[in-house]
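Next comes target-v8.txt, a file with compact mmCIF, C-alpha atoms and all ligand atoms.
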# COMPACT_ATOMS: atom_id res chain seq x y z
CA LEU A 1 -4.23 11.43 -41.55
CA GLN A 2 -3.71 9.82 -38.20
CA LYS A 3 -3.92 11.40 -34.79
CA PRO A 4 -0.69 11.62 -32.82
CA GLY A 5 -0.27 8.78 -30.32
CA ASP A 6 -0.57 9.21 -26.59
CA ASP A 7 2.50 7.24 -25.65
CA VAL A 8 5.07 10.01 -26.05
CA LEU A 9 6.66 9.47 -22.64
CA ASN A 10 8.67 6.29 -22.04
CA ASN A 11 8.80 5.41 -25.71
CA PRO A 12 11.09 2.38 -26.05
CA ASN A 13 12.57 3.91 -29.22
CA GLN A 14 13.38 7.30 -27.69
CA LYS A 15 17.12 7.16 -28.50
CA VAL A 16 16.37 6.37 -32.16
CA ILE A 17 13.75 9.12 -32.25
CA ASP A 18 16.20 11.68 -30.80
CA ILE A 19 18.83 10.95 -33.43
CA LEU A 20 16.33 10.83 -36.31
CA GLN A 21 15.05 14.20 -35.04
CA GLN A 22 18.56 15.62 -35.28
CA MET A 23 18.80 14.30 -38.85
CA ALA A 24 15.41 15.89 -39.68
CA THR A 25 16.62 19.20 -38.25
CA TYR A 26 19.81 18.87 -40.28
CA TYR A 27 17.95 18.16 -43.54
CA ASP A 28 15.54 21.00 -42.77
CA SER A 29 18.51 23.33 -42.28
CA THR A 30 19.81 22.37 -45.73
CA ASN A 31 16.36 23.00 -47.31
CA ASP A 32 16.02 19.31 -48.19
CA THR A 33 12.23 19.24 -47.85
CA TRP A 34 11.64 15.68 -49.00
CA ARG A 35 14.15 14.08 -46.64
CA THR A 36 12.90 16.31 -43.81
CA ILE A 37 9.36 15.08 -44.38
CA SER A 38 10.37 11.41 -44.62
CA TYR A 39 12.26 11.70 -41.34
CA ARG A 40 9.40 13.51 -39.63
CA LYS A 41 6.93 10.85 -40.81
CA ALA A 42 9.23 8.06 -39.62
CA ILE A 43 9.55 9.79 -36.24
CA ALA A 44 5.77 10.05 -35.97
CA THR A 45 5.51 6.31 -36.74
CA LEU A 46 8.06 5.41 -34.06
CA ARG A 47 6.24 7.61 -31.54
CA ARG A 48 3.14 5.50 -32.12
CA THR A 49 5.05 2.22 -31.73
CA ASN A 50 5.21 0.83 -28.22
CA ARG A 51 7.58 -2.02 -29.06
CA ARG A 52 11.35 -1.57 -29.20
CA ILE A 53 12.63 -1.77 -32.79
CA THR A 54 16.19 -3.10 -33.10
CA THR A 55 16.57 -4.52 -36.60
CA SER A 56 16.14 -3.13 -40.06
CA ALA A 57 13.74 -6.02 -40.85
CA GLU A 58 11.43 -4.96 -38.02
CA ALA A 59 11.65 -1.28 -38.95
CA ILE A 60 10.73 -1.80 -42.59
CA GLN A 61 7.41 -3.39 -41.56
CA LEU A 62 6.29 -0.03 -40.15
CA PRO A 63 4.44 2.65 -42.17
CA PHE A 64 6.55 5.43 -43.75
CA ILE A 65 9.84 3.56 -43.22
CA GLY A 66 11.78 2.47 -46.31
CA GLN A 67 15.02 0.50 -46.62
CA ARG A 68 17.44 3.36 -46.02
CA LEU A 69 15.64 4.64 -42.96
CA ALA A 70 15.27 1.09 -41.65
CA ASP A 71 19.05 0.60 -41.95
CA LYS A 72 19.67 3.84 -40.06
CA ILE A 73 17.24 2.80 -37.32
CA GLU A 74 19.17 -0.47 -36.92
CA GLU A 75 22.49 1.39 -36.82
CA ILE A 76 21.22 3.68 -34.05
CA ALA A 77 19.56 0.89 -32.08
CA VAL A 78 22.76 -1.19 -32.18
CA THR A 79 25.53 1.44 -31.89
CA HIS A 80 23.62 4.32 -30.22
CA ARG A 81 24.95 6.68 -32.89
CA LEU A 82 24.60 7.48 -36.58
CA ARG A 83 27.73 8.03 -38.68
CA ARG A 84 25.80 10.11 -41.25
CA LEU A 85 24.80 12.60 -38.55
CA GLU A 86 28.33 12.87 -37.17
CA ALA A 87 29.71 13.47 -40.67
CA THR A 88 27.50 16.57 -41.07
CA ARG A 89 29.11 18.19 -38.02
CA HIS A 90 32.64 18.25 -39.45
CA ASP A 91 32.37 19.12 -43.13
CA PRO A 92 33.17 22.89 -43.53
CA THR A 93 31.01 23.34 -46.63
CA ASP A 94 28.13 21.61 -44.85
CA VAL A 95 28.56 23.89 -41.85
CA ALA A 96 28.80 26.98 -44.10
CA LEU A 97 25.73 25.95 -46.11
CA ARG A 98 23.67 25.62 -42.96
CA THR A 99 24.90 28.93 -41.61
CA PHE A 100 24.14 30.78 -44.86
CA LEU A 101 20.67 29.20 -45.07
CA GLN A 102 19.89 30.61 -41.64
CA ILE A 103 20.10 34.14 -43.06
CA TYR A 104 16.56 35.40 -43.59
CA GLY A 105 15.61 35.33 -47.28
CA VAL A 106 18.66 33.34 -48.38
CA GLY A 107 17.73 30.19 -50.30
CA THR A 108 19.71 27.18 -51.45
CA GLN A 109 20.76 28.81 -54.73
CA GLN A 110 22.25 31.91 -53.11
CA ALA A 111 23.93 29.90 -50.35
CA MET A 112 25.49 27.47 -52.86
CA LEU A 113 26.73 30.37 -54.97
CA TRP A 114 28.54 31.92 -52.01
CA ILE A 115 30.08 28.54 -51.19
CA GLN A 116 31.24 28.14 -54.82
CA GLN A 117 32.80 31.58 -54.55
CA GLY A 118 34.82 30.30 -51.58
CA HIS A 119 32.98 31.97 -48.70
CA ARG A 120 32.84 29.90 -45.54
CA SER A 121 31.68 32.25 -42.77
CA LEU A 122 29.39 35.20 -42.14
CA GLN A 123 32.51 37.34 -41.71
CA ASP A 124 33.61 36.28 -45.22
CA LEU A 125 30.27 37.47 -46.59
CA LEU A 126 30.42 40.81 -44.76
CA THR A 127 33.97 41.57 -45.86
CA SER A 128 34.10 40.10 -49.37
CA VAL A 129 30.63 40.23 -50.92
CA PRO A 130 30.20 43.83 -52.12
CA ASN A 131 26.57 43.54 -53.26
CA LEU A 132 24.87 42.16 -50.14
CA THR A 133 21.30 43.45 -50.00
CA ALA A 134 20.02 45.50 -47.06
CA ASN A 135 17.92 42.51 -45.95
CA GLN A 136 20.90 40.16 -46.15
CA ARG A 137 22.84 42.53 -43.89
CA ILE A 138 19.95 42.62 -41.41
CA GLY A 139 19.68 38.83 -41.62
CA ILE A 140 23.40 38.47 -40.85
CA ALA A 141 23.43 41.09 -38.08
CA HIS A 142 20.47 39.43 -36.34
CA LEU A 143 21.14 35.83 -37.28
CA GLU A 144 21.49 34.66 -33.67
CA ASP A 145 18.28 36.44 -32.71
CA PHE A 146 16.27 35.05 -35.61
CA ALA A 147 17.65 31.54 -35.11
CA SER A 148 16.72 31.40 -31.43
CA ARG A 149 13.31 30.17 -30.34
CA ILE A 150 10.84 32.66 -28.85
CA PRO A 151 9.38 31.62 -25.46
CA ARG A 152 5.60 31.29 -25.54
CA ALA A 153 5.13 34.03 -22.92
CA GLU A 154 7.02 36.46 -25.16
CA VAL A 155 4.93 35.55 -28.22
CA THR A 156 1.84 36.27 -26.10
CA ARG A 157 3.23 39.72 -25.11
CA LEU A 158 4.28 40.61 -28.65
CA GLY A 159 0.88 39.58 -30.01
CA ALA A 160 -0.88 41.64 -27.34
CA ILE A 161 1.11 44.77 -28.23
CA VAL A 162 0.11 44.54 -31.91
CA THR A 163 -3.49 43.70 -31.04
CA LYS A 164 -3.80 46.68 -28.70
CA ALA A 165 -2.20 49.08 -31.19
CA LEU A 166 -4.54 47.88 -33.96
CA GLN A 167 -7.67 47.97 -31.82
CA ASP A 168 -6.74 51.48 -30.64
CA ILE A 169 -7.00 52.46 -34.31
CA ASP A 170 -10.22 50.50 -34.88
CA ALA A 171 -11.77 48.22 -32.24
CA ALA A 172 -13.45 46.03 -34.88
CA PHE A 173 -10.13 44.50 -35.96
CA GLN A 174 -9.43 40.94 -34.81
CA VAL A 175 -6.01 39.40 -34.33
CA THR A 176 -5.21 35.72 -33.81
CA ILE A 177 -1.73 34.40 -33.09
CA GLY A 178 -1.36 31.50 -35.54
CA GLY A 179 1.51 29.19 -36.51
CA SER A 180 3.21 27.02 -33.93
CA TYR A 181 1.82 29.21 -31.10
CA ARG A 182 -1.76 28.30 -31.98
CA ARG A 183 -0.72 24.64 -32.07
CA GLY A 184 0.27 25.08 -28.43
CA ALA A 185 4.07 25.07 -28.89
CA ALA A 186 6.17 26.04 -25.86
CA ASP A 187 8.31 28.22 -28.13
CA SER A 188 8.11 29.52 -31.70
CA GLY A 189 10.43 30.43 -34.54
CA ASP A 190 8.47 33.59 -35.33
CA ILE A 191 5.16 35.31 -34.57
CA ASP A 192 2.36 34.78 -37.08
CA LEU A 193 -0.50 37.23 -36.66
CA ILE A 194 -3.68 36.59 -38.63
CA ILE A 195 -5.50 39.92 -38.97
CA THR A 196 -9.09 40.37 -40.10
CA ARG A 197 -12.08 42.69 -39.69
CA PRO A 198 -15.68 41.43 -40.07
CA ASP A 199 -17.33 42.16 -43.43
CA THR A 200 -14.54 44.42 -44.60
CA GLU A 201 -12.78 44.57 -47.94
CA ILE A 202 -9.21 43.39 -47.94
CA GLY A 203 -8.17 46.74 -49.40
CA HIS A 204 -9.35 48.56 -46.30
CA ILE A 205 -7.64 46.04 -43.97
CA ARG A 206 -4.43 46.49 -45.93
CA THR A 207 -4.61 50.28 -45.84
CA VAL A 208 -5.09 50.39 -42.09
CA VAL A 209 -2.36 47.85 -41.38
CA LEU A 210 0.28 49.06 -43.85
CA GLU A 211 -0.36 52.78 -43.71
CA THR A 212 -1.35 53.33 -40.08
CA LEU A 213 -0.44 50.38 -37.86
CA VAL A 214 3.00 49.54 -39.26
CA PRO A 215 4.32 53.14 -39.31
CA ARG A 216 3.00 53.68 -35.77
CA LEU A 217 4.72 50.55 -34.47
CA PHE A 218 7.96 51.67 -36.13
CA LEU A 219 7.72 55.06 -34.41
CA ARG A 220 7.33 53.35 -31.06
CA GLY A 221 10.44 51.28 -31.70
CA PHE A 222 8.43 48.06 -31.61
CA LEU A 223 8.94 47.22 -35.30
CA THR A 224 12.61 47.31 -36.27
CA ALA A 225 12.76 46.23 -39.94
CA THR A 226 10.61 45.47 -42.97
CA LEU A 227 11.86 42.33 -44.69
CA ALA A 228 9.09 41.66 -47.21
CA SER A 229 5.82 43.30 -47.96
CA THR A 230 3.71 42.30 -50.93
CA ASN A 231 2.72 44.82 -53.54
CA ARG A 232 0.63 47.56 -51.99
CA ARG A 233 -2.47 46.93 -54.07
CA THR A 234 -2.69 43.15 -54.07
CA GLY A 235 -0.53 42.17 -51.13
CA THR A 236 -1.84 40.36 -48.11
CA LYS A 237 1.27 39.98 -46.00
CA TRP A 238 3.94 41.96 -44.23
CA HIS A 239 7.10 40.28 -42.93
CA GLY A 240 9.53 42.02 -40.64
CA ALA A 241 11.17 42.18 -37.27
CA CYS A 242 10.08 43.48 -33.88
CA GLN A 243 11.47 43.92 -30.41
CA LEU A 244 9.82 43.80 -27.02
CA PRO A 245 10.54 46.91 -24.92
CA LEU A 246 13.30 46.07 -22.41
CA SER A 247 11.04 46.80 -19.44
CA ARG A 248 8.59 44.16 -20.66
CA TYR A 249 11.31 41.59 -21.13
CA ALA A 250 12.31 41.16 -17.47
CA PRO A 251 9.29 39.04 -16.40
CA ILE A 252 9.76 36.84 -19.44
CA ILE A 253 13.37 36.12 -18.52
CA THR A 254 12.36 35.35 -14.93
CA ALA A 255 9.79 32.85 -16.19
CA ILE A 256 12.26 30.86 -18.32
CA ASP A 257 12.51 27.30 -16.99
CA THR A 258 16.17 26.38 -17.13
CA ALA A 259 19.08 28.35 -15.65
CA GLU A 260 21.06 27.87 -18.86
CA GLU A 261 18.32 29.34 -21.05
CA ARG A 262 17.82 32.16 -18.55
CA ALA A 263 21.53 33.05 -18.64
CA LYS A 264 21.41 33.04 -22.43
CA ALA A 265 18.43 35.41 -22.42
CA LEU A 266 20.21 37.75 -19.99
CA ARG A 267 23.25 38.00 -22.26
CA ASN A 268 20.99 39.24 -25.08
CA PRO A 269 18.09 40.91 -23.29
CA ASN A 270 15.88 42.16 -26.08
CA PRO A 271 16.47 40.25 -29.26
CA TRP A 272 14.88 41.05 -32.58
CA ARG A 273 12.06 38.64 -33.43
CA ARG A 274 10.66 37.70 -36.82
CA ILE A 275 7.02 38.77 -37.16
CA ASP A 276 4.54 38.03 -39.96
CA LEU A 277 1.30 39.98 -40.41
CA LEU A 278 -1.18 38.02 -42.51
CA LEU A 279 -4.13 40.03 -43.79
CA VAL A 280 -7.30 38.07 -44.42
CA PRO A 281 -10.87 39.05 -45.40
CA SER A 282 -13.33 37.62 -42.85
CA SER A 283 -15.05 35.60 -45.60
CA GLU A 284 -11.87 33.52 -45.92
CA ILE A 285 -10.89 33.33 -42.26
CA GLY A 286 -11.53 29.57 -41.86
CA ALA A 287 -9.28 28.57 -44.76
CA ALA A 288 -6.63 31.10 -43.71
CA MET A 289 -6.75 29.82 -40.13
CA ILE A 290 -6.13 26.25 -41.33
CA TYR A 291 -3.26 27.35 -43.56
CA PHE A 292 -1.52 29.62 -41.05
CA THR A 293 -1.97 27.17 -38.17
CA GLY A 294 -0.32 24.33 -40.09
CA ASN A 295 1.76 22.57 -39.54
CA ASP A 296 3.21 22.53 -43.04
CA ILE A 297 3.01 18.72 -43.27
CA LEU A 298 -0.65 18.69 -42.28
CA ASN A 299 -1.31 21.40 -44.90
CA ARG A 300 0.36 19.27 -47.55
CA SER A 301 -1.66 16.18 -46.70
CA MET A 302 -4.94 18.12 -46.53
CA ARG A 303 -4.25 19.67 -49.95
CA LEU A 304 -3.33 16.31 -51.39
CA LEU A 305 -6.52 14.80 -50.02
CA ALA A 306 -8.57 17.64 -51.53
CA ARG A 307 -6.94 16.97 -54.91
CA LYS A 308 -7.68 13.26 -54.68
CA LYS A 309 -11.33 14.18 -54.12
CA GLY A 310 -11.35 16.46 -57.17
CA MET A 311 -11.26 19.55 -55.00
CA CYS A 312 -8.69 22.23 -54.23
CA LEU A 313 -7.75 23.55 -50.80
CA ASN A 314 -5.70 26.72 -50.45
CA GLN A 315 -5.43 29.58 -47.97
CA ARG A 316 -8.54 31.19 -49.50
CA GLY A 317 -10.94 28.26 -49.38
CA LEU A 318 -11.99 24.77 -50.37
CA PHE A 319 -13.20 24.59 -53.97
CA LYS A 320 -14.88 21.84 -56.03
CA ASN A 321 -15.25 21.21 -59.78
CA VAL A 322 -11.73 22.51 -60.24
CA LEU A 323 -10.79 22.25 -63.89
CA ARG A 324 -7.32 20.82 -64.38
CA GLY A 325 -5.44 20.50 -67.68
CA ALA A 326 -2.29 18.63 -68.66
CA GLY A 327 0.12 18.07 -65.76
CA GLN A 328 -2.62 18.83 -63.22
CA VAL A 329 -2.35 22.56 -64.02
CA LYS A 330 -5.36 24.36 -62.63
CA LEU A 331 -7.41 26.02 -65.37
CA ALA A 332 -10.30 27.35 -63.31
CA GLU A 333 -10.81 27.93 -59.60
CA GLY A 334 -14.08 25.97 -59.43
CA ASN A 335 -16.94 26.56 -57.02
CA LEU A 336 -16.43 27.54 -53.44
CA VAL A 337 -17.43 24.80 -51.00
CA GLU A 338 -16.42 26.57 -47.77
CA SER A 339 -13.99 29.24 -46.64
CA LYS A 340 -15.37 30.86 -43.49
CA ASP A 341 -15.49 28.01 -41.03
CA GLU A 342 -12.50 25.85 -40.13
CA ARG A 343 -14.63 22.95 -38.92
CA LYS A 344 -16.81 22.94 -42.03
CA ILE A 345 -13.71 22.68 -44.22
CA PHE A 346 -12.56 19.58 -42.29
CA GLU A 347 -16.11 18.17 -42.61
CA ALA A 348 -16.37 18.83 -46.35
CA LEU A 349 -13.03 17.09 -46.81
CA GLY A 350 -14.18 14.14 -44.74
CA VAL A 351 -11.38 14.64 -42.21
CA PRO A 352 -12.16 14.23 -38.49
CA TRP A 353 -11.88 17.58 -36.69
CA ARG A 354 -8.55 18.26 -35.01
CA THR A 355 -8.03 21.01 -32.49
CA PRO A 356 -5.00 23.22 -33.29
CA GLU A 357 -3.02 21.36 -30.59
CA GLU A 358 -3.63 18.13 -32.53
CA ARG A 359 -2.07 19.49 -35.72
CA GLN A 360 1.58 18.88 -34.90
CA ILE A 361 1.84 16.35 -37.79
N1 LIG B 1 3.16 27.11 -44.03
C1 LIG B 1 3.02 26.07 -44.94
N2 LIG B 1 4.03 25.78 -45.79
C2 LIG B 1 5.19 26.47 -45.75
C3 LIG B 1 5.34 27.53 -44.84
C4 LIG B 1 4.31 27.83 -43.98
O1 LIG B 1 1.97 25.42 -44.97
N3 LIG B 1 6.18 26.16 -46.59
C5 LIG B 1 2.06 27.40 -43.10
C6 LIG B 1 2.03 26.36 -42.00
C7 LIG B 1 2.75 27.02 -40.88
C8 LIG B 1 2.33 28.48 -41.06
O2 LIG B 1 2.23 28.66 -42.48
O3 LIG B 1 2.36 26.49 -39.63
C9 LIG B 1 3.30 29.46 -40.44
O4 LIG B 1 4.59 29.29 -41.00
P1 LIG B 1 5.90 29.35 -40.12
O5 LIG B 1 7.05 29.23 -41.06
O6 LIG B 1 5.87 30.56 -39.25
O7 LIG B 1 5.89 27.98 -39.28
P2 LIG B 1 5.33 27.63 -37.83
O8 LIG B 1 4.68 28.81 -37.19
O9 LIG B 1 4.50 26.40 -37.98
O10 LIG B 1 6.62 27.22 -37.00
P3 LIG B 1 7.70 28.21 -36.32
O11 LIG B 1 7.57 28.06 -34.85
O12 LIG B 1 9.03 27.70 -36.79
O13 LIG B 1 7.43 29.59 -36.79
MG MG B 2 5.61 30.65 -37.15
MN MN B 3 5.80 32.73 -40.00
Can you turn what I pasted into structure tokens?
Amino acid sequence: LQKPGDDVLNNPNQKVIDILQQMATYYDSTNDTWRTISYRKAIATLRRTNRRITTSAEAIQLPFIGQRLADKIEEIAVTHRLRRLEATRHDPTDVALRTFLQIYGVGTQQAMLWIQQGHRSLQDLLTSVPNLTANQRIGIAHLEDFASRIPRAEVTRLGAIVTKALQDIDAAFQVTIGGSYRRGAADSGDIDLIITRPDTEIGHIRTVVLETLVPRLFLRGFLTATLASTNRRTGTKWHGACQLPLSRYAPIITAIDTAEERAKALRNPNPWRRIDLLLVPSSEIGAAMIYFTGNDILNRSMRLLARKKGMCLNQRGLFKNVLRGAGQVKLAEGNLVESKDERKIFEALGVPWRTPEERQI
């Protein structure tokens, strides 16, 4: 686990980084997690390198860069382009796969099935797939909205609306905006709200949120759809969509930096946004904060490290003396080391503390 480098500006490999980033985004859009991670790790390595890399032989010396990536780095450094990336832009099944995977709740299997059945566009799905689910229809209708990034100022407003509504019900509730927002991102893919109440059973938190808060926010027109909500008795999450009231949207549009982005926002003035409510007992808030702050790659490496040390890290806590059977299958949860305090979890793992802003990779 290394800290991100300082030399982000004026990196001599910026062109290579830009194109590798587009490849990472492409692989991410096709749900190819492993390639996405290798590209993101290679990008992080290049960001920390202050020497210009032009040959595959130089590239392969660097951490997290294997032969194939090294060859691509050479191709970009020499030709300023990457044929593999350009190929992805023209293939109709590739384009269709990426479009279908953008629909909320649609995974690789479903997307591939539609492609096998000959569908190539969202219109095809709407006109020729008779058994689309309600969520798939919502996902298609609001695909543009859900695929666009949410400006930080809007995430702040949306979070404040939920926080106020919840604290009007019970002032002891606490809400933290997690995910990319907590990491300091300028824009986010969705809004992740971590909800807790000191010394309160999860059942009570769930009742208040699912039975009072959510219906109230629907009545006000703030929430617009429920996309997933775990089982009423054991569930700890609610996924859906929300919308900022139009009157509140004007200042956000004014504050957008570029004229192009501003014009785009004006064409679609109050888009639906994806919102996740994550319900957490206060005894587990530290572990939940780490998990829901991410990013996903940091979570993976922290969990892997815990495993290597004979421990287990999940969104509920850090545990030791975890009993594992054949194939590393967990047989018993083990003893709780820490779950309340984010910093203490880093300490117990032997990882130097990182502020949320330092958790980009
Ligand atoms: N998370 C994870 N592994 C996943 C999905 C999520 O560890 N497969 C954790 C880390 C994420 C957090 O949950 O930071 C929130 O998930 P999001 O999908 O909302 O991702 P981010 O908030 O990080 O980014 P975005 O701006 O795209 O929402
Ligand atoms: Mg998020
Ligand atoms: Mn989320």
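In this structure, atom CA of Pro269 of chain A sits 18.5 Å away from atom CA of Ile140 of chain A.
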**OP:** Would you list the residues that come within 7 Å of ligand MN 3 (chain B)? Count all atoms listed in the file and give the answer as a ChimeraX atom specification.
**Re:** /A:179,190-192,275-276
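Interatomic distance, atom CA of Asn299 of chain A to atom CA of Val337 of chain A: 17.6 Å.
Minimum distance to ligand LIG 1 (chain B) across A:Arg52, A:Arg343, A:Lys237, A:Arg324 (counting only C-alpha atoms and all ligand atoms) occurs at A:Lys237.
Of the residues listed (A:Ser29, A:Thr79, A:Thr163, A:Arg68), A:Thr163 shows the shortest atom-to-atom separation from Thr196 of chain A; distances use all atoms listed in the file.
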**OP:** Residues within 8 Å of ligand LIG 1 (chain B) should be enumerated using all atoms listed in the file and returned as number ranges by chain.
**Re:** A: 149, 178-181, 185, 187-192, 276, 291-300
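Interatomic distance, atom CA of Met289 of chain A against atom CA of Asp28 of chain A: 24.1 Å.
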For Leu244 of chain A, please output as a PDB file with C-alpha atoms, in the coordinates of the input all residues within 7 Å (counting all atoms listed in the file; exclusion window: fewer than 4 positions along the same chain).
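Ended up saving to around06.pdb:
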ATOM      1  CA  LEU A 158       4.280  40.610 -28.650  1.00  0.00           C
ATOM      2  CA  PHE A 222       8.430  48.060 -31.610  1.00  0.00           C
ATOM      3  CA  ARG A 248       8.590  44.160 -20.660  1.00  0.00           C
ATOM      4  CA  TYR A 249      11.310  41.590 -21.130  1.00  0.00           C
ATOM      5  CA  ASN A 270      15.880  42.160 -26.080  1.00  0.00           C
TER       6      ASN A 270
END
Subject >> Which residue of A:Lys308, A:Arg183, A:Arg206, A:Pro215 approaches ligand MG 2 (chain B) most closely, using all atoms listed in the file >> reply: A:Arg183
**OP:** Fewer than 2 positions away in the same chain doesn't count, so skip those; otherwise give me all residues within 6 Å of Ala287 of chain A, counting all atoms listed in the file, as a list in words.
**Re:** Glu284, Ile285, Met289, Ile290, Gln315, Arg316, Gly317 and Ser339 of chain A
**OP:** Find the residues near Glu357 of chain A: any atom within 9 Å, counting all atoms listed in the file, skip ones fewer than 2 places away on the same chain, and give them as a ChimeraX atom specification.
**Re:** /A:182-185,354-355,359-360
**OP:** Would you list the contacts of segment 121-130 of chain A as a PyMOL selection string, taking every protein, DNA or RNA residue within 8 Å and counting only C-alpha atoms, but skipping same-chain residues closer than 2 positions in sequence?
**Re:** chain A and resi 96+99-100+114+119+132+137+140
**OP:** Find the spatial neighbours of Ala250 of chain A, counting all atoms listed in the file, within a cut-off of 12 Å - ignore same-chain residues fewer than 2 positions away - and output them as number ranges by chain.
**Re:** A: 153-154, 157, 244-248, 252-256, 262, 265-266, 268-270
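Of the listed residues (A:Ile205, A:Ala241, A:Leu143, A:Leu318), A:Ile205 comes nearest to Ala172 of chain A; the distances count only C-alpha atoms.
If you measure from each of A:Ala77, A:Gln167, A:Leu62, A:Leu278 to ligand MG 2 (chain B) using only C-alpha atoms and all ligand atoms, the closest one turns out to be A:Leu278.
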Original post:
Restricting the calculation to all atoms listed in the file, which member of A:Leu82, A:Leu277, A:Leu349, A:Ser301 is positioned closest to ligand MG 2 (chain B)?
Top reply: A:Leu277
Centre and size of axis-aligned box enclosing segment 100-110 of chain A plus 5 Å each side, as AutoDock Vina command-line options:
--center_x 19.9 --center_y 31.3 --center_z -48.2 --size_x 18.5 --size_y 18.2 --size_z 23.1
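Environment of (11.5, -5.0, -42.2): residues at most 12 Å away, judged by all atoms listed in the file, are Ile53, Thr54, Thr55, Ser56, Ala57, Glu58, Ala59, Ile60, Gln61, Leu62, Pro63, Phe64, Ile65, Gly66, Gln67, Arg68, Leu69, Ala70, Asp71, Ile73 and Glu74 of chain A.
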